[in-house]
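Everything below concerns the one structure shown next.
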Number of protein chains: 4
Amino acid sequence: MKFLPAKLERKFRRLKKHSRSSLTRKLDVMHESARKKVIEENCDAYKNQKQSEYECRKRPTKFPGGTRETFLSEGSFHQAVGRVLLVAEFFAMMPVKGVTAKHPGDLSFSWRNVRTCFCLVFIASSLANFGLSLFKVLNNPISFNSVKPIIFRGSVLLVLIVALRLAQQWPTLMMYWHEVEQGLPQYPSQVGKGQMGHTIRMVMLVGMMLSFAEHLLSMISAIHYARYCNSTSDPIKNYFLRTNDEIFYVTSYSTALALWGKFQNVYSTFIWNYMDMFVMIISIGLAAKFRQLNNDLRNFKGMHMAPSYWSERRIQYRNICVLCDKMDDAISLITMVSFSNNLYFICVQLLRSLNTMPSVAHAVYFYFSLIFLIGRTLAVSLYSASVHDESRLTLRYLRCVPKDSWCPEVKRFSEEVINDEVALSGMKFFHLTRKLVLSVAGTIVTYELVLIQFHEDNDLWDCNQSYYS
Amino acid sequence: MKFLPAKLERKFRRLKKHSRSSLTRKLDVMHESARKKVIEENCDAYKNQKQSEYECRKRPTKFPGGTRETFLSEGSFHQAVGRVLLVAEFFAMMPVKGVTAKHPGDLSFSWRNVRTCFCLVFIASSLANFGLSLFKVLNNPISFNSVKPIIFRGSVLLVLIVALRLAQQWPTLMMYWHEVEQGLPQYPSQVGKGQMGHTIRMVMLVGMMLSFAEHLLSMISAIHYARYCNSTSDPIKNYFLRTNDEIFYVTSYSTALALWGKFQNVYSTFIWNYMDMFVMIISIGLAAKFRQLNNDLRNFKGMHMAPSYWSERRIQYRNICVLCDKMDDAISLITMVSFSNNLYFICVQLLRSLNTMPSVAHAVYFYFSLIFLIGRTLAVSLYSASVHDESRLTLRYLRCVPKDSWCPEVKRFSEEVINDEVALSGMKFFHLTRKLVLSVAGTIVTYELVLIQFHEDNDLWDCNQSYYS
Amino acid sequence: MKFLPAKLERKFRRLKKHSRSSLTRKLDVMHESARKKVIEENCDAYKNQKQSEYECRKRPTKFPGGTRETFLSEGSFHQAVGRVLLVAEFFAMMPVKGVTAKHPGDLSFSWRNVRTCFCLVFIASSLANFGLSLFKVLNNPISFNSVKPIIFRGSVLLVLIVALRLAQQWPTLMMYWHEVEQGLPQYPSQVGKGQMGHTIRMVMLVGMMLSFAEHLLSMISAIHYARYCNSTSDPIKNYFLRTNDEIFYVTSYSTALALWGKFQNVYSTFIWNYMDMFVMIISIGLAAKFRQLNNDLRNFKGMHMAPSYWSERRIQYRNICVLCDKMDDAISLITMVSFSNNLYFICVQLLRSLNTMPSVAHAVYFYFSLIFLIGRTLAVSLYSASVHDESRLTLRYLRCVPKDSWCPEVKRFSEEVINDEVALSGMKFFHLTRKLVLSVAGTIVTYELVLIQFHEDNDLWDCNQSYYS
Amino acid sequence: MKFLPAKLERKFRRLKKHSRSSLTRKLDVMHESARKKVIEENCDAYKNQKQSEYECRKRPTKFPGGTRETFLSEGSFHQAVGRVLLVAEFFAMMPVKGVTAKHPGDLSFSWRNVRTCFCLVFIASSLANFGLSLFKVLNNPISFNSVKPIIFRGSVLLVLIVALRLAQQWPTLMMYWHEVEQGLPQYPSQVGKGQMGHTIRMVMLVGMMLSFAEHLLSMISAIHYARYCNSTSDPIKNYFLRTNDEIFYVTSYSTALALWGKFQNVYSTFIWNYMDMFVMIISIGLAAKFRQLNNDLRNFKGMHMAPSYWSERRIQYRNICVLCDKMDDAISLITMVSFSNNLYFICVQLLRSLNTMPSVAHAVYFYFSLIFLIGRTLAVSLYSASVHDESRLTLRYLRCVPKDSWCPEVKRFSEEVINDEVALSGMKFFHLTRKLVLSVAGTIVTYELVLIQFHEDNDLWDCNQSYYS
């Protein structure tokens, strides 16, 4: 039906109909007329409205030159993520210049920038702290529980280095992201534009607050603990001796070292929480881009669209896939560290949960910390799985393409959606989907069951053990 | 062969044949003639008969206006599920008005309805009961076995709330279901129409009876047990002290509280059984719709049908898929709770099965209860897997479409059947298929093996433990 | 290129070529000429020869009427499996009449036949034996090891009943199989025709011999054991008291009962071995049919075949798939029992393997039996996985279809091969593929590792335990 | 658009455009012009350059006759692997003649060659050594740890035999590889040509050096150990008594036997390391071939290429797949042995890691050996997974084919890439992909967790145990 002019085509179709059996013809006629009636009556007005909207919305994409300012204030990922990165920079991560600038073109990375220097100094400081922890752990019998400080500080150090490398790529990534965003169908309303930014800000806020609350509780319980394991008469000294035991294992107590240890602890805790939030934020951004495309497809669901419409959408879908791939390459090491860390810490905490708590303060801190940990892990898993879910949702609208609009482009589009596995991954070893959440949960439950079955009180709360995280 | 009028087409085909090698031509002729002969001799009469049936059956769909009464009495899901929901309403679930009405349009939900009020009161009462259980459990050492009452009462409470939310959506869901049903090819006979309703009623009846039998046995064994752990001289008081230990842990014995506890127990047990049956019933309904479509495809299996036939079937298939998706969104939390509950209770019962029974009454109750639990879990799994199985069966008929009828519509249909995973799910974390049943069974067996290997008699039947479920 | 007569087509192609860029045209010309040269020089002679063979081989399929005798003696599954079923009938299974007849049309099942009566009597006898075993096991503490006799006798009983039901369907199944076989491309040589039958006979022979050897060893070790656990002075009585402990647990010793027990043991052991061999034989038959089709495709690999050739092959492939499905429905319960039995017995034997053997005779018997069990399980797994492997192999030849012969029929064929999972299954819960073998092996190894790690000598060889299988 | 000459086509397209709604037409015009502009401005120059390159590069493939010498020195697998095989021959493996020859046609295998004889003699010697180990192990209680020598020597023996069989097939395989290589698009630069060879040499070098370092450390720790378990006064005798305990278990000490044992140990260790490296090297070779194809596709990414281009690439892709399949058939037993060996040895070493080390020399050797083992396993896994990764990468370029160039050949190509699972395998039981690495790692971690949880010091370092590997 694509190879002959419309006039001829219509004629041929008439001829073809005559040549078929009368039964089939009648059925066809019935179908055709029923279908036409429905479409004409219900859809025409709506369609006209939609198509005029479509035309309107296409214009800014065509002439974005002069309207750059207005355009940029409309739901771009770069803008939404600006303040989040600013917070990260304060905590010595991601030293990129211009994160709050309006255009991603203003982003830049330089080794001589003060942020980068601060970051490098902090990496060196963390390395020293990691070395001290390692020394203490290796000089004591190794167990599943005792390697906790190494794993904690080791992964923080790893994330710091990966973040530094990511900072170098960040300007390029954001420029590509910006290009993809400009090619996408625009948000129909101002509400839609702000939604992604709002979600990102809320996730960051809630995450930071809970993390702060946990740190406070941890301090309270540590003070209690320090009083209980009374090594000296000075309560502040007792507290620092406990929380920075890896430092005072090799050297005698000094206030400067204690403060350095405290600073190191606060920063490490933040970074340890931030890596989860960072994965969430990237996932929210990617899922939002797929949702933007899906919203447009939903608006034209079941309508007769030109092949060029589908071709355009397919290329946009492809662009987001490529974006997703690039982001995954850039952050997959962080994702890997974040996931394995969460898995390890949940197992350790569950192991501890079987022991009796030394005090109420400990119990409160412990259960708050455990629930926060599980909640955060679930949130990371579900937010990152949403990228995959949104990318599959496109198929739902392609399934509703009417018979007459079914063209090779739609076919190619739907085959690409079916066969590509679009998802963030942990270094390509696993893809972050909802099925993964189940299998991870299953693993934890199995481990916990085995633990419960053969439990003997190991007394993990004794005074000589490394306490702080 | 679709681009030229029939006359030209035939001519070209003749020309094409001449241009091929004589060998290939001869082979083709042989094939053609053989195929034609078979079709003409065997199928023509059958086909004519079928097609006239098809025409007849199409009529009610075309003019359903006046025959609404007769049409509605013919195998709709709304009618089949009516009495089942009535029973649920008696047990304070799903407070929808008009469940036994003939048309789903008469369904309605109102917060001021007496059913809704009863439901809300019962939720409040359950909440109180749950709180008491939680209090008792937290004041005793926690183990895999001791959390049983919380999990039991907690999931009942959760299901009650989800059912309330579902009741609000029920009228809309049933209307959509009704629309999908009207679009489907009609049942050829009165027997087919009644089958789904019959199955649903039988499942409900058998389920209720077994559940009732289990409750009776549980009462008998509890009376035995109460006599054995003789705390007071009053046997009735002893019984209530045992079965409602969570109430009398905080307060002293009173008959009113005992009766409230008994009422709560009976209702909770029903709801705990009902959630499994509800998932089964929805699954039976959805599978029946796929079967209805498959039956039509089977009737025309291997015949030359017009593309419009396939297009119509494809859209019907799509509609059932969408229906399946909507139902899954509505009930997936119930499915999740039902599955995890069953898994947990089987593990707990298997753990108990290793201990020696205090009396014969206990042994009878225990093994009946265990077999009922495993049987019910298997039934839920297999009925819900049948939705997926039936949806895949469509492919079998599409594989038999003859060469000449193979058109883009059939291709699109078969691709959609292949690539869509149509199944109920537990919040999209897992899909209910037969493979899941195996992996669940495998998990239970592994757990049991580990248990047996390292078993020591934990004496779970001591008098101080929470007894009832 | 399919819509216009050859003359016009050639003209258009010439025109098209002129309209393209000269570069592309030159490349095309180069390709075309190179391809043509290769095909013309190397393939023509071969092709002619093959095609004349093809013509020749098609004739018997066209006129099979008169040549029925000669045709039937050529590699049909019915003939290959005849003697195997005869052996089964001797052991009271599969009471079908006419298994050694030349044509499957002579097969029949009747309830009044002497075979059926023998079979029913044996089922009743097995039921009695099963009841005695059950009684003994329930009156002793239950463990993973002690339920062995129930599982052994229970599964033999189940297989007997399934085999009886299968016997009723056998004539229909064999007729369908015969039809599919007649539609397939014929074997090119006499060697190919006999291969399937030869493999089946060898599998049966080796299986029976090893099973006989194992039974002899079991008797020797039982005699040793009986002497060691000297309960009476009569060695024969001692032997029977040990091997039929389930009988003499309820009644006192009598020679008639001892002989009945022995007879029951011998028959049960055979049936227990036979169910594995039966699954193997069905798998060999199905895989052979796929291989027959693949051999034909390999002969014409890379050649230009008419669409009718592909259409024919696709329908043949479909027929074998349907046959595979029907056989799977008929035997999947046997497959399920066979697999779970093997898994259970391997686990039990591995558990026993950790204990010290009471004598050398025991050690020899035990290790022979264990190796035989593992070998048989592997053989069943691999033979049944070969059905799936052969069905996938078809794809290899479809990948080599040259560009010009690539038509909708080949496309449809390859899509069906890709998307259909053709394999025997255990009641659709699992499909028998090579991946399954790995996961089963992994499960056993994990179990064994856990066993070894926490092993304490359970002394499973004490005198009071049920000995025989 | 393929069925009519260009002139007519253009006319029809114009007519078709008029017959559509003006809106759609306008949109299309906009799209067309935008697309054309971009292509014309940016791509034309690049395209012309690329296509002339393409023409140039095609020439050597067309006339390779006279330029054989120069052609052969350019990145063929045969040349890259030459020295690697030479080293293997020195260690009595793969006795093929002509491995360093310039052309694979010079390869040959003969039973009478001195290499083959050496190889056969060494197999006999290994068999004797294996027999002695087996004898010692069977005469002691069997445990997970004590079977280590059998598994070590048994797998070395198995690999030797497989390598001998592989040597017979090697000339044919290399000829096929050579043919595939000649058909592939040539490397654009001299750097690309040498890359594969360089990687292979580096892997071999690093592997050999680490293996040598590990052997030295093992000797040092064995000397320490021998001194500690002082059985005789002669330190050299002590050393040999320890490292060849399987020999001196049956016979008294003699220097000749001790030297034979040492020789056997050194060679076995090399072969045990070499099998991993061999799998890596084959993987690197296969991945490089896919990369070569992908590089060509990347050069023409997004451009309008003739169908013949895609057809050619598809056939090349198919050829590499077939090559991959042939190599997999030839080496899959080695892969299987290599993987299961690594898994077993990691588990054994982790089990040992829980015990306290007798000396610092032991600790250094032990941890070096463990890290080397894990690193080697990871390297084998990742290199062999890269074959699969590279084969999937092709899809990325096919996704970017522009709308107008989308032809049946591209479709067929992309479907083949999607549906074929191209990867090395362990006897088809598992495919070597990144997902496998995760599941293997998960298994090891689970095993380790269970170990740690229930650990009691088993004192695996006692003096009477078999020491050497």
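Within each chain, counting starts at residue 1; across the structure tokens, chains are named A, B, ... in the order shown, with ligands numbered 1 upward in that order.
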
inquiry  = Residues within 12 Å of Asn129 in chain A, please, as a list of chain:residue names. Count only C-alpha atoms; anything in the same chain fewer than 5 positions from it doesn't count.
reply    = A:Phe122, A:Ile123, A:Ala124, A:Leu134, A:Phe135, A:Lys136, A:Pro149, A:Ile150, A:Phe152, A:Arg153, A:Gly154, A:Val156, A:Leu157, A:Asn244, A:Asp245, A:Glu246, A:Ile247, A:Phe248, A:Tyr249, A:Val250, A:Leu257, A:Ala258, A:Trp260, A:Gly261, A:Lys262, A:Phe263, A:Gln264, A:Asn265, A:Ser268

Requested write-out: N, CA, C and O atoms of the selected residues, as an mmCIF file, in the first residue's frame:
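This is the output file selection.cif:
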data_model
loop_
_atom_site.group_PDB
_atom_site.id
_atom_site.type_symbol
_atom_site.label_atom_id
_atom_site.label_comp_id
_atom_site.auth_asym_id
_atom_site.auth_seq_id
_atom_site.Cartn_x
_atom_site.Cartn_y
_atom_site.Cartn_z
ATOM 1 N N PHE A 122 41.527 15.214 50.922
ATOM 2 C CA PHE A 122 40.657 14.325 51.678
ATOM 3 C C PHE A 122 40.896 12.859 51.315
ATOM 4 O O PHE A 122 40.849 11.973 52.168
ATOM 5 N N ILE A 123 41.171 12.612 50.033
ATOM 6 C CA ILE A 123 41.486 11.232 49.615
ATOM 7 C C ILE A 123 42.726 10.749 50.348
ATOM 8 O O ILE A 123 42.767 9.632 50.880
ATOM 9 N N ALA A 124 43.748 11.612 50.417
ATOM 10 C CA ALA A 124 44.982 11.247 51.121
ATOM 11 C C ALA A 124 44.693 10.955 52.585
ATOM 12 O O ALA A 124 45.154 9.945 53.146
ATOM 13 N N LEU A 134 43.226 -1.006 58.517
ATOM 14 C CA LEU A 134 43.744 -2.264 57.987
ATOM 15 C C LEU A 134 44.755 -2.866 58.951
ATOM 16 O O LEU A 134 44.734 -4.077 59.229
ATOM 17 N N PHE A 135 45.610 -2.009 59.476
ATOM 18 C CA PHE A 135 46.640 -2.475 60.407
ATOM 19 C C PHE A 135 45.999 -3.111 61.631
ATOM 20 O O PHE A 135 46.380 -4.194 62.060
ATOM 21 N N LYS A 136 44.970 -2.425 62.181
ATOM 22 C CA LYS A 136 44.328 -2.955 63.378
ATOM 23 C C LYS A 136 43.648 -4.299 63.092
ATOM 24 O O LYS A 136 43.762 -5.244 63.868
ATOM 25 N N PRO A 149 35.176 -2.478 59.580
ATOM 26 C CA PRO A 149 35.820 -1.178 59.345
ATOM 27 C C PRO A 149 36.578 -1.106 58.029
ATOM 28 O O PRO A 149 36.530 -0.077 57.350
ATOM 29 N N ILE A 150 37.265 -2.182 57.650
ATOM 30 C CA ILE A 150 38.007 -2.130 56.377
ATOM 31 C C ILE A 150 37.035 -1.945 55.231
ATOM 32 O O ILE A 150 37.255 -1.140 54.327
ATOM 33 N N PHE A 152 34.048 -0.730 55.264
ATOM 34 C CA PHE A 152 33.452 0.602 55.312
ATOM 35 C C PHE A 152 34.407 1.645 54.742
ATOM 36 O O PHE A 152 34.086 2.340 53.778
ATOM 37 N N ARG A 153 35.605 1.716 55.293
ATOM 38 C CA ARG A 153 36.542 2.755 54.850
ATOM 39 C C ARG A 153 37.061 2.498 53.446
ATOM 40 O O ARG A 153 37.294 3.416 52.673
ATOM 41 N N GLY A 154 37.236 1.206 53.111
ATOM 42 C CA GLY A 154 37.707 0.848 51.772
ATOM 43 C C GLY A 154 36.736 1.286 50.706
ATOM 44 O O GLY A 154 37.122 1.863 49.680
ATOM 45 N N VAL A 156 34.425 3.628 50.943
ATOM 46 C CA VAL A 156 34.380 5.096 50.881
ATOM 47 C C VAL A 156 35.533 5.618 50.032
ATOM 48 O O VAL A 156 35.347 6.471 49.156
ATOM 49 N N LEU A 157 36.730 5.055 50.275
ATOM 50 C CA LEU A 157 37.905 5.469 49.508
ATOM 51 C C LEU A 157 37.713 5.198 48.012
ATOM 52 O O LEU A 157 37.991 6.059 47.163
ATOM 53 N N ASN A 244 37.341 6.025 67.525
ATOM 54 C CA ASN A 244 38.511 6.033 66.636
ATOM 55 C C ASN A 244 39.561 5.058 67.122
ATOM 56 O O ASN A 244 40.747 5.372 67.143
ATOM 57 N N ASP A 245 39.103 3.892 67.508
ATOM 58 C CA ASP A 245 40.027 2.903 68.051
ATOM 59 C C ASP A 245 41.149 2.532 67.091
ATOM 60 O O ASP A 245 42.226 2.145 67.513
ATOM 61 N N GLU A 246 40.924 2.692 65.772
ATOM 62 C CA GLU A 246 41.977 2.321 64.819
ATOM 63 C C GLU A 246 43.157 3.287 64.904
ATOM 64 O O GLU A 246 44.289 2.914 64.612
ATOM 65 N N ILE A 247 42.891 4.560 65.301
ATOM 66 C CA ILE A 247 43.996 5.527 65.424
ATOM 67 C C ILE A 247 44.785 5.251 66.697
ATOM 68 O O ILE A 247 46.018 5.159 66.676
ATOM 69 N N PHE A 248 44.034 5.097 67.811
ATOM 70 C CA PHE A 248 44.706 4.987 69.112
ATOM 71 C C PHE A 248 45.173 3.560 69.400
ATOM 72 O O PHE A 248 45.632 3.262 70.483
ATOM 73 N N TYR A 249 45.048 2.702 68.383
ATOM 74 C CA TYR A 249 45.645 1.373 68.465
ATOM 75 C C TYR A 249 47.151 1.474 68.225
ATOM 76 O O TYR A 249 47.926 0.697 68.760
ATOM 77 N N VAL A 250 47.581 2.464 67.420
ATOM 78 C CA VAL A 250 49.006 2.618 67.090
ATOM 79 C C VAL A 250 49.659 3.780 67.826
ATOM 80 O O VAL A 250 50.866 3.808 68.002
ATOM 81 N N LEU A 257 44.371 14.460 66.938
ATOM 82 C CA LEU A 257 44.086 13.205 66.228
ATOM 83 C C LEU A 257 42.626 12.809 66.421
ATOM 84 O O LEU A 257 41.969 12.318 65.483
ATOM 85 N N ALA A 258 42.124 13.017 67.626
ATOM 86 C CA ALA A 258 40.738 12.662 67.902
ATOM 87 C C ALA A 258 39.798 13.468 67.013
ATOM 88 O O ALA A 258 38.847 12.928 66.420
ATOM 89 N N TRP A 260 40.574 14.881 64.163
ATOM 90 C CA TRP A 260 40.755 14.412 62.775
ATOM 91 C C TRP A 260 39.917 13.146 62.550
ATOM 92 O O TRP A 260 39.231 13.002 61.548
ATOM 93 N N GLY A 261 39.987 12.240 63.520
ATOM 94 C CA GLY A 261 39.205 10.999 63.423
ATOM 95 C C GLY A 261 37.724 11.293 63.343
ATOM 96 O O GLY A 261 37.006 10.719 62.521
ATOM 97 N N LYS A 262 37.253 12.222 64.183
ATOM 98 C CA LYS A 262 35.833 12.565 64.185
ATOM 99 C C LYS A 262 35.421 13.137 62.827
ATOM 100 O O LYS A 262 34.405 12.735 62.242
ATOM 101 N N PHE A 263 36.256 14.081 62.329
ATOM 102 C CA PHE A 263 36.004 14.694 61.016
ATOM 103 C C PHE A 263 35.937 13.598 59.941
ATOM 104 O O PHE A 263 35.027 13.560 59.110
ATOM 105 N N GLN A 264 36.896 12.705 60.006
ATOM 106 C CA GLN A 264 36.958 11.605 59.041
ATOM 107 C C GLN A 264 35.689 10.746 59.124
ATOM 108 O O GLN A 264 35.107 10.364 58.106
ATOM 109 N N ASN A 265 35.237 10.480 60.348
ATOM 110 C CA ASN A 265 34.038 9.660 60.531
ATOM 111 C C ASN A 265 32.800 10.319 59.950
ATOM 112 O O ASN A 265 32.011 9.687 59.253
ATOM 113 N N SER A 268 33.063 10.354 56.162
ATOM 114 C CA SER A 268 32.917 8.999 55.603
ATOM 115 C C SER A 268 31.465 8.568 55.649
ATOM 116 O O SER A 268 30.938 7.988 54.692
#

inquiry  = Rounded to one decimal, what separation in Å do you get between CA of Phe77 in chain D and CA of Leu210 in chain D?
reply    =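 CA of Phe77 in chain D sits 24.5 Å away from CA of Leu210 in chain D.
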
query = Do you know which residues are at most 9 Å from Arg313 in chain B counting only C-alpha atoms, after dropping those on the same chain fewer than 2 positions away, and could you put them as number ranges by chain?
reply = B: 184-185, 293, 297, 308-311, 315-318, 413

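Taking CA of Lys289 in chain B as the reference point, CA of Arg412 in chain B is found at 20.7 Å.
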
task = Measure the distance from CA of Asn299 in chain C to CA of Pro402 in chain C in Å and round it to one decimal.
result =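 Interatomic distance here is 14.4 Å.
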
Option closest in space to chain B, from A:Leu424, A:Val360, A:Leu354, A:Leu286 [counting only C-alpha atoms] =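 Nearest candidate to chain B out of A:Leu424, A:Val360, A:Leu354, A:Leu286: A:Leu354.
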
Which residues, written as a compact mmCIF listing (two decimals) with all heavy atoms, in the first residue's frame, have at least one atom at most 8 Å from Thr394 in chain A, with only C-alpha atoms counted and residues fewer than 4 positions away on the same chain left out?
# COMPACT_ATOMS: atom_id res chain seq x y z
N ASN A 294 7.26 8.42 27.08
CA ASN A 294 6.05 7.61 27.21
C ASN A 294 4.80 8.47 27.30
O ASN A 294 3.76 8.11 26.77
CB ASN A 294 6.14 6.71 28.45
CG ASN A 294 7.10 5.56 28.23
OD1 ASN A 294 7.39 5.20 27.09
ND2 ASN A 294 7.62 5.00 29.30
N LEU A 297 3.81 9.36 23.92
CA LEU A 297 3.22 8.21 23.23
C LEU A 297 1.81 7.96 23.74
O LEU A 297 0.92 7.59 22.98
CB LEU A 297 4.08 6.97 23.43
CG LEU A 297 5.41 6.96 22.68
CD1 LEU A 297 6.27 5.80 23.14
CD2 LEU A 297 5.18 6.87 21.18
N GLU A 390 10.32 1.71 33.31
CA GLU A 390 9.84 2.77 32.41
C GLU A 390 10.19 2.46 30.96
O GLU A 390 9.42 2.74 30.06
CB GLU A 390 10.44 4.12 32.81
CG GLU A 390 9.70 4.85 33.93
CD GLU A 390 8.31 5.33 33.52
OE1 GLU A 390 8.07 5.55 32.33
OE2 GLU A 390 7.45 5.44 34.41
N LEU A 398 2.96 0.89 22.02
CA LEU A 398 3.20 0.36 20.67
C LEU A 398 2.22 -0.77 20.36
O LEU A 398 1.90 -1.03 19.20
CB LEU A 398 4.64 -0.14 20.56
CG LEU A 398 5.71 0.95 20.65
CD1 LEU A 398 7.09 0.33 20.62
CD2 LEU A 398 5.55 1.94 19.52
N VAL A 417 12.52 -2.26 21.54
CA VAL A 417 12.09 -2.17 22.95
C VAL A 417 12.09 -3.56 23.60
O VAL A 417 12.54 -3.74 24.73
CB VAL A 417 10.71 -1.51 23.07
CG1 VAL A 417 10.24 -1.51 24.52
CG2 VAL A 417 10.74 -0.10 22.54

message = Can you pull out the residues contacting range 217-233 of chain B? Cut-off 8 Å, using only C-alpha atoms, and skip same-chain residues under 5 positions away; I want them as number ranges by chain.
response = B: 238-239, 242-243, 361-362, 364-365, 463

C-alpha atoms of the current selection, written as an mmCIF file, in the first residue's frame:
data_model
loop_
_atom_site.group_PDB
_atom_site.id
_atom_site.type_symbol
_atom_site.label_atom_id
_atom_site.label_comp_id
_atom_site.auth_asym_id
_atom_site.auth_seq_id
_atom_site.Cartn_x
_atom_site.Cartn_y
_atom_site.Cartn_z
ATOM 1 C CA ASN B 238 -8.491 -22.753 80.295
ATOM 2 C CA TYR B 239 -9.347 -22.958 76.619
ATOM 3 C CA ARG B 242 -4.681 -20.607 75.794
ATOM 4 C CA THR B 243 -6.180 -19.479 72.485
ATOM 5 C CA ALA B 361 -5.415 -35.103 68.814
ATOM 6 C CA HIS B 362 -2.474 -32.822 68.201
ATOM 7 C CA VAL B 364 -4.192 -35.441 63.717
ATOM 8 C CA TYR B 365 -4.735 -31.681 63.780
ATOM 9 C CA CYS B 463 2.950 -24.741 77.765
#

request  = Have a look at B:Gly426, B:Ile282, B:Lys97, B:Ser155 and name the one nearest to Asn113 in chain B; count only C-alpha atoms.
outcome  =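 Between B:Gly426, B:Ile282, B:Lys97, B:Ser155, the residue approaching Asn113 in chain B most closely is B:Lys97.
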
inquiry  = I'd like the neighbourhood of Asn419 in chain B as a PyMOL selection string, where a residue qualifies if any of its atoms comes within 12 Å (using only C-alpha atoms), though same-chain residues fewer than 6 positions away should be ignored.
reply    = (chain A and resi 392+395-396+399+414-419) or (chain B and resi 391-392+395+412-413) or (chain C and resi 419-420)

message = Could you check the closest approach to chain D for each of A:Ala306, A:Cys347, A:Cys407, A:Met174 and tell me which residue wins, using only C-alpha atoms?
response = A:Ala306

DSSP alpha helix (DSSP H) residues within range 246-380 of chain D, listed as a ChimeraX atom specification = /D:255-299,307-353,360-380
